[in-house]
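Dropping model31.cif in here (mmCIF, C-alpha atoms):
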data_start
#
loop_
_atom_site.label_atom_id
_atom_site.label_comp_id
_atom_site.auth_asym_id
_atom_site.auth_seq_id
_atom_site.Cartn_x
_atom_site.Cartn_y
_atom_site.Cartn_z
CA MET A 1 -170.91 -13.19 -36.68
CA ASN A 2 -170.51 -11.44 -33.37
CA GLN A 3 -172.99 -13.80 -31.82
CA ARG A 4 -170.93 -16.73 -33.07
CA ILE A 5 -167.78 -15.15 -31.72
CA ASP A 6 -169.41 -14.67 -28.33
CA GLU A 7 -170.52 -18.31 -28.27
CA LEU A 8 -167.09 -19.51 -29.16
CA LEU A 9 -165.44 -17.22 -26.63
CA GLU A 10 -167.78 -18.43 -23.94
CA LYS A 11 -166.95 -22.05 -24.78
CA TYR A 12 -163.25 -21.17 -24.88
CA TRP A 13 -163.27 -19.65 -21.42
CA GLU A 14 -165.29 -22.56 -20.16
CA ALA A 15 -162.55 -24.80 -21.63
CA GLU A 16 -165.10 -26.66 -23.70
CA SER A 17 -164.03 -25.58 -27.20
CA SER A 18 -162.45 -27.95 -29.66
CA LEU A 19 -159.39 -27.22 -31.74
CA ALA A 20 -161.56 -26.63 -34.77
CA GLU A 21 -163.68 -24.15 -32.83
CA GLU A 22 -160.57 -22.35 -31.62
CA GLN A 23 -159.38 -22.08 -35.19
CA GLU A 24 -162.77 -20.83 -36.26
CA LEU A 25 -162.67 -18.26 -33.45
CA LYS A 26 -159.30 -16.95 -34.62
CA THR A 27 -160.54 -16.67 -38.19
CA LEU A 28 -163.66 -14.82 -37.12
CA LEU A 29 -161.70 -12.43 -34.91
CA LEU A 30 -159.48 -11.48 -37.85
CA SER A 31 -162.44 -10.23 -39.82
CA ALA A 32 -164.54 -8.87 -36.96
CA GLU A 33 -164.48 -5.38 -35.59
CA GLY A 34 -163.86 -4.70 -31.96
CA TYR A 35 -162.75 -7.48 -29.66
CA ALA A 36 -159.42 -5.74 -29.21
CA ASP A 37 -158.46 -7.70 -26.09
CA GLU A 38 -159.41 -11.03 -27.63
CA LYS A 39 -157.54 -10.21 -30.83
CA ALA A 40 -154.47 -9.21 -28.82
CA LEU A 41 -154.60 -12.52 -27.01
CA PHE A 42 -155.35 -14.94 -29.84
CA LEU A 43 -153.49 -13.22 -32.63
CA GLY A 44 -150.58 -12.46 -30.31
CA LEU A 45 -150.33 -16.12 -29.49
CA SER A 46 -150.32 -16.90 -33.17
CA ASP A 47 -147.49 -14.41 -33.69
CA PHE A 48 -145.50 -16.02 -30.92
CA SER A 49 -146.04 -19.48 -32.34
CA ASN A 50 -144.92 -18.30 -35.77
CA GLU A 51 -141.70 -16.82 -34.45
CA GLU A 52 -138.61 -18.88 -34.95
CA PRO A 53 -136.71 -19.63 -31.79
CA SER A 54 -133.66 -17.45 -31.63
CA LEU A 55 -131.70 -19.63 -29.25
CA GLN A 56 -128.11 -20.23 -30.33
CA MET A 57 -125.56 -22.69 -29.11
CA PRO A 58 -122.54 -21.10 -27.45
CA THR A 59 -119.78 -20.79 -29.96
CA LYS A 60 -116.93 -20.62 -27.49
CA ILE A 61 -114.86 -23.83 -27.60
CA ILE A 62 -113.30 -24.81 -24.36
CA PRO A 63 -110.22 -26.90 -25.08
CA ILE A 64 -110.11 -30.20 -23.22
CA LYS A 65 -106.62 -31.42 -22.39
CA SER A 66 -105.76 -34.61 -24.20
CA ARG A 67 -105.08 -37.50 -21.84
CA ASN A 68 -104.17 -40.05 -24.47
CA TRP A 69 -100.62 -40.30 -23.16
CA MET A 70 -101.95 -41.44 -19.78
CA ASN A 71 -103.96 -44.21 -21.42
CA TRP A 72 -100.91 -45.32 -23.35
CA ALA A 73 -98.75 -45.20 -20.25
CA ALA A 74 -101.27 -47.26 -18.26
CA SER A 75 -101.58 -49.80 -21.08
CA ALA A 76 -97.81 -50.05 -21.38
CA ALA A 77 -97.43 -50.48 -17.62
CA ILE A 78 -100.05 -53.26 -17.58
CA LEU A 79 -98.40 -54.95 -20.56
CA ILE A 80 -94.92 -54.76 -19.07
CA GLY A 81 -96.22 -56.00 -15.71
CA SER A 82 -98.01 -58.91 -17.36
CA VAL A 83 -94.97 -59.93 -19.39
CA TRP A 84 -92.73 -59.66 -16.35
CA GLY A 85 -95.16 -61.72 -14.24
CA TRP A 86 -95.43 -64.35 -16.92
CA ARG A 87 -91.65 -64.56 -17.25
CA VAL A 88 -91.29 -65.02 -13.49
CA TYR A 89 -93.99 -67.70 -13.51
CA GLU A 90 -92.33 -69.53 -16.41
CA GLN A 91 -88.96 -69.32 -14.68
CA LYS A 92 -90.43 -70.83 -11.51
CA GLN A 93 -92.09 -73.58 -13.51
CA ALA A 94 -88.85 -74.37 -15.32
CA GLU A 95 -86.95 -74.44 -12.02
CA GLN A 96 -89.48 -76.81 -10.52
CA GLU A 97 -89.32 -79.11 -13.53
CA ALA A 98 -85.53 -79.08 -13.38
CA TYR A 99 -85.63 -79.89 -9.68
CA MET A 100 -88.02 -82.78 -10.19
CA GLU A 101 -85.87 -84.06 -13.02
CA VAL A 102 -82.79 -84.00 -10.78
CA MET A 103 -84.67 -85.67 -7.92
CA GLN A 104 -85.77 -88.37 -10.32
CA ALA A 105 -82.17 -89.04 -11.30
CA PHE A 106 -81.06 -89.02 -7.67
CA ALA A 107 -83.84 -91.45 -6.82
CA LEU A 108 -82.64 -93.75 -9.58
CA ILE A 109 -79.12 -93.73 -8.12
CA GLN A 110 -80.46 -94.19 -4.62
CA THR A 111 -82.65 -97.11 -5.59
CA ASN A 112 -79.76 -98.95 -7.15
CA LEU A 113 -77.34 -98.10 -4.38
CA SER A 114 -79.86 -99.54 -1.94
CA LYS A 115 -79.78 -102.82 -3.87
CA GLY A 116 -76.15 -103.17 -2.94
CA GLN A 117 -76.86 -102.22 0.63
CA GLU A 118 -79.58 -104.84 0.83
CA GLN A 119 -77.11 -107.45 -0.36
CA MET A 120 -74.66 -106.28 2.28
CA THR A 121 -77.35 -106.70 4.92
CA ILE A 122 -77.91 -110.25 3.81
CA MET A 123 -74.18 -110.92 4.01
CA ASN A 124 -74.11 -109.31 7.41
CA ASP A 125 -76.87 -111.64 8.62
CA MET A 126 -74.82 -114.66 7.56
CA LYS A 127 -72.50 -114.19 10.50
CA TYR A 128 -75.29 -115.54 12.66
CA LEU A 129 -75.16 -118.86 10.78
CA ASN A 130 -72.27 -119.96 12.99
CA THR A 131 -73.93 -118.83 16.20
CA THR A 132 -75.36 -122.29 16.93
CA ASN A 133 -71.94 -123.86 16.77
CA GLN A 134 -70.55 -121.17 19.02
CA LEU A 135 -73.31 -121.74 21.56
CA PHE A 136 -73.41 -125.52 21.58
CA GLY A 137 -70.08 -126.43 20.10
CA ASN A 138 -69.37 -128.49 17.06
CA PRO A 139 -70.13 -132.20 17.74
CA THR A 140 -67.58 -133.31 15.18
CA ASN A 141 -64.79 -131.70 17.20
CA LYS A 142 -65.58 -133.80 20.22
CA MET B 1 -46.55 -88.44 -22.11
CA LEU B 2 -48.92 -85.72 -20.95
CA PHE B 3 -50.20 -85.40 -24.47
CA ALA B 4 -50.86 -89.14 -24.56
CA PHE B 5 -52.68 -88.93 -21.25
CA ILE B 6 -54.88 -86.13 -22.54
CA ILE B 7 -55.65 -88.08 -25.69
CA LYS B 8 -56.48 -91.16 -23.65
CA ALA B 9 -58.79 -89.22 -21.35
CA GLN B 10 -60.44 -87.60 -24.32
CA ALA B 11 -60.86 -90.99 -25.98
CA GLN B 12 -62.53 -92.31 -22.83
CA ASP B 13 -64.99 -89.45 -22.76
CA ASP B 14 -65.65 -90.00 -26.40
CA ALA B 15 -66.35 -93.67 -25.76
CA ILE B 16 -69.12 -92.84 -23.30
CA GLN B 17 -70.40 -90.12 -25.54
CA ARG B 18 -70.37 -92.54 -28.45
CA PHE B 19 -72.41 -95.03 -26.48
CA PHE B 20 -74.98 -92.39 -25.67
CA SER B 21 -74.95 -91.10 -29.22
CA LYS B 22 -75.24 -94.58 -30.70
CA TYR B 23 -78.67 -95.07 -29.20
CA MET B 24 -79.73 -91.44 -29.32
CA ASP B 25 -82.14 -92.05 -32.17
CA ASP B 26 -83.21 -95.50 -31.06
CA ASP B 27 -86.89 -95.36 -30.16
CA ARG B 28 -86.50 -98.21 -27.70
CA PHE B 29 -84.42 -95.96 -25.46
CA SER B 30 -85.35 -93.01 -23.32
CA ARG B 31 -82.71 -90.34 -23.02
CA VAL B 32 -82.43 -87.79 -20.26
CA TYR B 33 -79.81 -85.08 -20.15
CA ILE B 34 -79.73 -82.76 -17.20
CA SER B 35 -77.50 -79.89 -18.18
CA PRO B 36 -75.45 -77.70 -15.83
CA LYS B 37 -78.03 -74.98 -16.41
CA MET B 38 -80.79 -77.30 -15.21
CA MET B 39 -78.73 -78.22 -12.16
CA GLN B 40 -78.40 -74.51 -11.46
CA MET B 41 -82.15 -74.03 -11.84
CA ALA B 42 -82.86 -76.99 -9.56
CA GLY B 43 -80.55 -75.46 -6.96
CA GLY B 44 -82.41 -72.17 -7.29
CA PHE B 45 -85.74 -73.90 -6.80
CA LEU B 46 -84.46 -75.71 -3.73
CA LYS B 47 -83.11 -72.50 -2.28
CA SER B 48 -86.35 -70.61 -2.74
CA ASN B 49 -88.75 -73.37 -1.73
CA ALA B 50 -87.06 -75.70 0.72
CA GLY B 51 -86.50 -74.84 4.32
CA THR B 52 -83.26 -73.87 5.95
CA ASP B 53 -82.76 -77.23 7.70
CA LYS B 54 -79.51 -79.13 7.35
CA ASP B 55 -80.92 -81.72 4.95
CA SER B 56 -81.94 -79.07 2.45
CA GLN B 57 -78.61 -77.34 2.81
CA ASP B 58 -76.73 -80.59 2.24
CA LEU B 59 -78.80 -81.31 -0.81
CA GLY B 60 -78.19 -77.80 -2.09
CA VAL B 61 -74.45 -78.31 -1.71
CA LEU B 62 -74.65 -81.64 -3.53
CA ILE B 63 -76.65 -80.13 -6.40
CA GLN B 64 -74.05 -77.40 -6.72
CA LYS B 65 -71.34 -80.03 -7.06
CA VAL B 66 -73.09 -81.95 -9.82
CA LYS B 67 -72.39 -80.58 -13.28
CA GLY B 68 -74.75 -82.75 -15.25
CA ILE B 69 -76.48 -86.09 -15.51
CA ARG B 70 -77.03 -88.27 -18.55
CA ILE B 71 -79.37 -91.22 -18.50
CA LEU B 72 -80.00 -93.77 -21.20
CA SER B 73 -82.61 -96.38 -20.39
CA SER B 74 -84.90 -98.86 -22.01
CA ASP B 75 -87.40 -101.44 -20.92
CA GLU B 76 -87.69 -102.98 -24.36
CA VAL B 77 -84.26 -104.54 -24.78
CA ASN B 78 -82.28 -107.37 -23.32
CA GLY B 79 -80.46 -105.41 -20.67
CA LEU B 80 -77.70 -107.96 -20.13
CA THR B 81 -76.59 -107.69 -23.75
CA PHE B 82 -76.37 -103.93 -23.52
CA TYR B 83 -74.71 -104.21 -20.12
CA LYS B 84 -71.91 -106.24 -21.67
CA GLU B 85 -71.64 -103.86 -24.61
CA ALA B 86 -71.39 -100.86 -22.30
CA MET B 87 -68.79 -102.57 -20.16
CA GLY B 88 -66.79 -103.35 -23.26
CA THR B 89 -66.90 -99.71 -24.29
CA LEU B 90 -65.47 -98.45 -21.03
CA SER B 91 -61.83 -98.88 -20.31
CA LYS B 92 -61.51 -100.37 -16.88
CA ASN B 93 -58.34 -98.55 -15.88
CA LYS B 94 -60.10 -95.22 -16.07
CA TYR B 95 -62.93 -96.21 -13.79
CA GLU B 96 -62.80 -97.89 -10.43
CA ASP B 97 -65.50 -100.28 -9.39
CA LEU B 98 -67.51 -98.93 -6.52
CA MET B 99 -70.17 -101.55 -6.18
CA ILE B 100 -71.16 -104.64 -8.12
CA VAL B 101 -74.37 -106.55 -7.58
CA GLU B 102 -74.60 -109.67 -9.71
CA ASP B 103 -77.67 -111.87 -9.64
CA LYS B 104 -78.64 -114.75 -11.82
CA GLY B 105 -80.52 -112.54 -14.23
CA SER B 106 -79.29 -109.05 -13.48
CA SER B 107 -76.11 -107.09 -13.23
CA LEU B 108 -75.57 -103.74 -11.59
CA LYS B 109 -72.34 -101.87 -11.40
CA PHE B 110 -71.36 -98.52 -9.95
CA MET B 111 -68.06 -97.07 -11.05
CA VAL B 112 -66.31 -93.86 -10.26
CA ARG B 113 -63.72 -91.79 -12.03
CA GLU B 114 -61.50 -89.95 -9.61
CA GLU B 115 -59.26 -86.98 -10.15
CA GLY B 116 -57.31 -85.31 -7.39
CA GLY B 117 -59.10 -87.21 -4.68
CA LEU B 118 -62.52 -86.12 -5.87
CA VAL B 119 -65.08 -88.13 -7.76
CA LYS B 120 -65.47 -86.57 -11.17
CA GLU B 121 -67.92 -89.03 -12.53
CA LEU B 122 -70.27 -91.62 -11.12
CA MET B 123 -71.27 -94.21 -13.65
CA MET B 124 -74.09 -96.66 -13.10
CA ILE B 125 -74.86 -99.49 -15.46
CA SER B 126 -77.63 -101.94 -14.82
CA GLY B 127 -78.96 -104.65 -17.02
CA GLU B 128 -81.50 -107.39 -16.70
CA GLU B 129 -83.98 -109.11 -18.90
CA GLY B 130 -86.03 -106.38 -20.51
CA ASP B 131 -84.38 -103.52 -18.68
CA PHE B 132 -81.24 -101.49 -19.23
CA THR B 133 -80.05 -98.26 -17.61
CA LEU B 134 -76.88 -96.30 -18.07
CA LEU B 135 -76.39 -93.24 -15.91
CA SER B 136 -73.47 -90.89 -15.83
CA MET B 137 -73.30 -88.14 -13.23
CA LEU B 138 -70.56 -85.59 -13.79
CA GLY B 139 -69.29 -83.19 -11.22
CA SER B 140 -66.82 -82.89 -8.45
CA PHE B 141 -67.95 -84.55 -5.28
CA THR B 142 -66.72 -86.67 -2.41
CA TYR B 143 -67.74 -90.09 -1.21
CA GLU B 144 -69.52 -88.40 1.67
CA ASP B 145 -71.70 -86.69 -0.88
CA LEU B 146 -72.49 -90.03 -2.48
CA ASN B 147 -73.25 -91.46 0.92
CA LEU B 148 -75.63 -88.59 1.52
CA LEU B 149 -77.36 -89.48 -1.70
CA ALA B 150 -77.57 -93.12 -0.72
CA GLU B 151 -78.89 -92.52 2.77
CA LYS B 152 -81.05 -89.46 2.48
CA THR B 153 -84.57 -90.47 1.64
CA ASP B 154 -86.44 -87.46 2.97
CA ILE B 155 -85.20 -85.09 0.30
CA PRO B 156 -87.99 -82.71 -0.65
CA GLY B 157 -89.51 -84.00 -3.86
CA MET B 158 -87.83 -87.37 -3.74
CA GLU B 159 -90.68 -89.04 -1.89
CA MET B 160 -92.40 -89.25 -5.26
CA TYR B 161 -89.65 -91.46 -6.59
CA GLY B 162 -87.97 -92.78 -3.46
CA LYS B 163 -87.58 -96.50 -3.47
CA GLY B 164 -84.50 -96.81 -1.31
CA SER B 165 -84.01 -99.27 1.47
CA LYS B 166 -85.08 -96.73 4.06
CA GLY B 167 -87.37 -94.67 1.94
CA PRO B 168 -91.08 -94.93 1.44
CA LYS B 169 -92.20 -97.30 -1.23
CA GLY B 170 -93.26 -94.78 -3.80
CA GLU B 171 -94.74 -95.16 -7.18
CA LYS B 172 -92.59 -96.00 -10.11
CA GLY B 173 -91.09 -93.02 -11.83
CA PRO B 174 -92.21 -91.82 -15.21
CA LYS B 175 -91.21 -93.74 -18.29
CA GLY B 176 -87.55 -93.55 -18.98
CA ILE B 177 -86.51 -93.52 -15.35
CA LYS B 178 -86.59 -96.88 -13.76
#

Represent the supplied structure as structure tokens.
Amino acid sequence: MNQRIDELLEKYWEAESSLAEEQELKTLLLSAEGYADEKALFLGLSDFSNEEPSLQMPTKIIPIKSRNWMNWAASAAILIGSVWGWRVYEQKQAEQEAYMEVMQAFALIQTNLSKGQEQMTIMNDMKYLNTTNQLFGNPTNK
Amino acid sequence: MLFAFIIKAQAQDDAIQRFFSKYMDDDRFSRVYISPKMMQMAGGFLKSNAGTDKDSQDLGVLIQKVKGIRILSSDEVNGLTFYKEAMGTLSKNKYEDLMIVEDKGSSLKFMVREEGGLVKELMMISGEEGDFTLLSMLGSFTYEDLNLLAEKTDIPGMEMYGKGSKGPKGEKGPKGIK
């Protein structure tokens, strides 16, 4: 048995042993006499691996200040700003439409007033109809 | 006597209103009513968008003086028939003729109603074959203001509709405004 243990130890230190051989080595060491250093190493490692980790999460709770009111305030500010902007835009649009509507009516009046003015221009031109007579005289008067 | 005068004036207003109301639901007619509020809004738009030149200022003053505009128009009726009907509705002693243009197939009349030396209403009635327009502009303005309206063709925004003797030959206005 000791010979087998020596072989396995030699392979272990040469880093050539398999997992099965390592397990076999541990089993043999448990029942063998001597090999105090090897037992301390292999069985100690086993003890460590069997131990449950004793790490614990910190239990102290650090209170984080709630900032919900800031989110609400920002949302409300954005909402109010948007509504106000939209109202201003709508007001401008309505004013422009009203202006165009008024200009349309004014243009209608202007167009028709110009009809009368055109007629007046024609009448004004008629004064030149007698210009020939003024220049050359009226033959019937001679 | 004053009471009778008030009744007569009221009756005249009612006559015009009746004429507008009579064809309010007639699909052949387009109706436009520019309220005092709209005039106010148009003035606000002009103030905030137009320049500070004299033309814009004059137009702003004119818009302030106009209280409202009503337009009734159609291009689907015999305008001469409606022209005669409208003329029959109006009592002539209330309105003074400002300008009459009579052609073979068309009639156009501008009338004014004066109070205290100021024009309180400008009425325009035009009728021809297939076209009728009745316009009433209420307010308190002078003949100089009307002259401004007749002559000024470079009013901001009017170039779209301007068809005056001195103005650019623009496109025809939207339906209902001819």

Surrounding residues of region 49-63 of chain B excluding itself and chain neighbours under 5 positions, 7 Å, all atoms listed in the file, as a count of residues only: 3

Need the shell around Gln64 (chain B): protein/DNA/RNA residues with any atom at most 12 Å away, counting only C-alpha atoms. Skip same-chain ones fewer than 5 positions apart. Format as a ChimeraX atom specification? /A:102 /B:36-44,46-47,57-59,138-141,145

Could those selected residues go to a file with C-alpha atoms, as a PDB file, keeping the file's coordinate frame?
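again14.pdb was written with the following content:
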ATOM      1  CA  VAL A 102     -82.790 -84.000 -10.780  1.00  0.00           C
TER       2      VAL A 102
ATOM      3  CA  PRO B  36     -75.450 -77.700 -15.830  1.00  0.00           C
ATOM      4  CA  LYS B  37     -78.030 -74.980 -16.410  1.00  0.00           C
ATOM      5  CA  MET B  38     -80.790 -77.300 -15.210  1.00  0.00           C
ATOM      6  CA  MET B  39     -78.730 -78.220 -12.160  1.00  0.00           C
ATOM      7  CA  GLN B  40     -78.400 -74.510 -11.460  1.00  0.00           C
ATOM      8  CA  MET B  41     -82.150 -74.030 -11.840  1.00  0.00           C
ATOM      9  CA  ALA B  42     -82.860 -76.990  -9.560  1.00  0.00           C
ATOM     10  CA  GLY B  43     -80.550 -75.460  -6.960  1.00  0.00           C
ATOM     11  CA  GLY B  44     -82.410 -72.170  -7.290  1.00  0.00           C
ATOM     12  CA  LEU B  46     -84.460 -75.710  -3.730  1.00  0.00           C
ATOM     13  CA  LYS B  47     -83.110 -72.500  -2.280  1.00  0.00           C
ATOM     14  CA  GLN B  57     -78.610 -77.340   2.810  1.00  0.00           C
ATOM     15  CA  ASP B  58     -76.730 -80.590   2.240  1.00  0.00           C
ATOM     16  CA  LEU B  59     -78.800 -81.310  -0.810  1.00  0.00           C
ATOM     17  CA  LEU B 138     -70.560 -85.590 -13.790  1.00  0.00           C
ATOM     18  CA  GLY B 139     -69.290 -83.190 -11.220  1.00  0.00           C
ATOM     19  CA  SER B 140     -66.820 -82.890  -8.450  1.00  0.00           C
ATOM     20  CA  PHE B 141     -67.950 -84.550  -5.280  1.00  0.00           C
ATOM     21  CA  ASP B 145     -71.700 -86.690  -0.880  1.00  0.00           C
TER      22      ASP B 145
END

Distance of CA of Glu76 (chain B) from CA of Glu97 (chain A), expressed in Å to one decimal place: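 So the answer is 26.3 Å.
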
Could you list, as a PDB file with C-alpha atoms, in the frame of the given file, every residue of chain A that has an atom within 12 Å of an atom of chain B, counting all atoms listed in the file?
ATOM      1  CA  GLN A  91     -88.960 -69.320 -14.680  1.00  0.00           C
ATOM      2  CA  LYS A  92     -90.430 -70.830 -11.510  1.00  0.00           C
ATOM      3  CA  GLN A  93     -92.090 -73.580 -13.510  1.00  0.00           C
ATOM      4  CA  ALA A  94     -88.850 -74.370 -15.320  1.00  0.00           C
ATOM      5  CA  GLU A  95     -86.950 -74.440 -12.020  1.00  0.00           C
ATOM      6  CA  GLN A  96     -89.480 -76.810 -10.520  1.00  0.00           C
ATOM      7  CA  GLU A  97     -89.320 -79.110 -13.530  1.00  0.00           C
ATOM      8  CA  ALA A  98     -85.530 -79.080 -13.380  1.00  0.00           C
ATOM      9  CA  TYR A  99     -85.630 -79.890  -9.680  1.00  0.00           C
ATOM     10  CA  MET A 100     -88.020 -82.780 -10.190  1.00  0.00           C
ATOM     11  CA  GLU A 101     -85.870 -84.060 -13.020  1.00  0.00           C
ATOM     12  CA  VAL A 102     -82.790 -84.000 -10.780  1.00  0.00           C
ATOM     13  CA  MET A 103     -84.670 -85.670  -7.920  1.00  0.00           C
ATOM     14  CA  GLN A 104     -85.770 -88.370 -10.320  1.00  0.00           C
ATOM     15  CA  ALA A 105     -82.170 -89.040 -11.300  1.00  0.00           C
ATOM     16  CA  PHE A 106     -81.060 -89.020  -7.670  1.00  0.00           C
ATOM     17  CA  ALA A 107     -83.840 -91.450  -6.820  1.00  0.00           C
ATOM     18  CA  LEU A 108     -82.640 -93.750  -9.580  1.00  0.00           C
ATOM     19  CA  ILE A 109     -79.120 -93.730  -8.120  1.00  0.00           C
ATOM     20  CA  GLN A 110     -80.460 -94.190  -4.620  1.00  0.00           C
ATOM     21  CA  THR A 111     -82.650 -97.110  -5.590  1.00  0.00           C
ATOM     22  CA  ASN A 112     -79.760 -98.950  -7.150  1.00  0.00           C
ATOM     23  CA  LEU A 113     -77.340 -98.100  -4.380  1.00  0.00           C
ATOM     24  CA  SER A 114     -79.860 -99.540  -1.940  1.00  0.00           C
ATOM     25  CA  LYS A 115     -79.780-102.820  -3.870  1.00  0.00           C
ATOM     26  CA  GLY A 116     -76.150-103.170  -2.940  1.00  0.00           C
ATOM     27  CA  GLN A 117     -76.860-102.220   0.630  1.00  0.00           C
ATOM     28  CA  GLU A 118     -79.580-104.840   0.830  1.00  0.00           C
ATOM     29  CA  GLN A 119     -77.110-107.450  -0.360  1.00  0.00           C
ATOM     30  CA  MET A 120     -74.660-106.280   2.280  1.00  0.00           C
ATOM     31  CA  THR A 121     -77.350-106.700   4.920  1.00  0.00           C
TER      32      THR A 121
END

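Here CA of Arg113 (chain B) is placed at a distance of 6.4 Å from CA of Glu96 (chain B).
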
Between CA of Ser30 (chain B) and CA of Phe132 (chain B), measure the distance and give it in Å to one decimal.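 Going from CA of Ser30 (chain B) over to CA of Phe132 (chain B) covers 10.3 Å.
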
Measuring atom to atom with only C-alpha atoms, identify which of B:Tyr95, B:Asp75, B:Gly127, B:Leu134 is nearest to Glu115 (chain B).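 Under the stated criterion, the closest residue is B:Tyr95.
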
Matched chain/residue IDs from the PyMOL selection byres ((chain A and resi 26) around 12), as number ranges by chain: A: 4-5, 8-9, 12, 19-25, 27-32, 35, 38-46
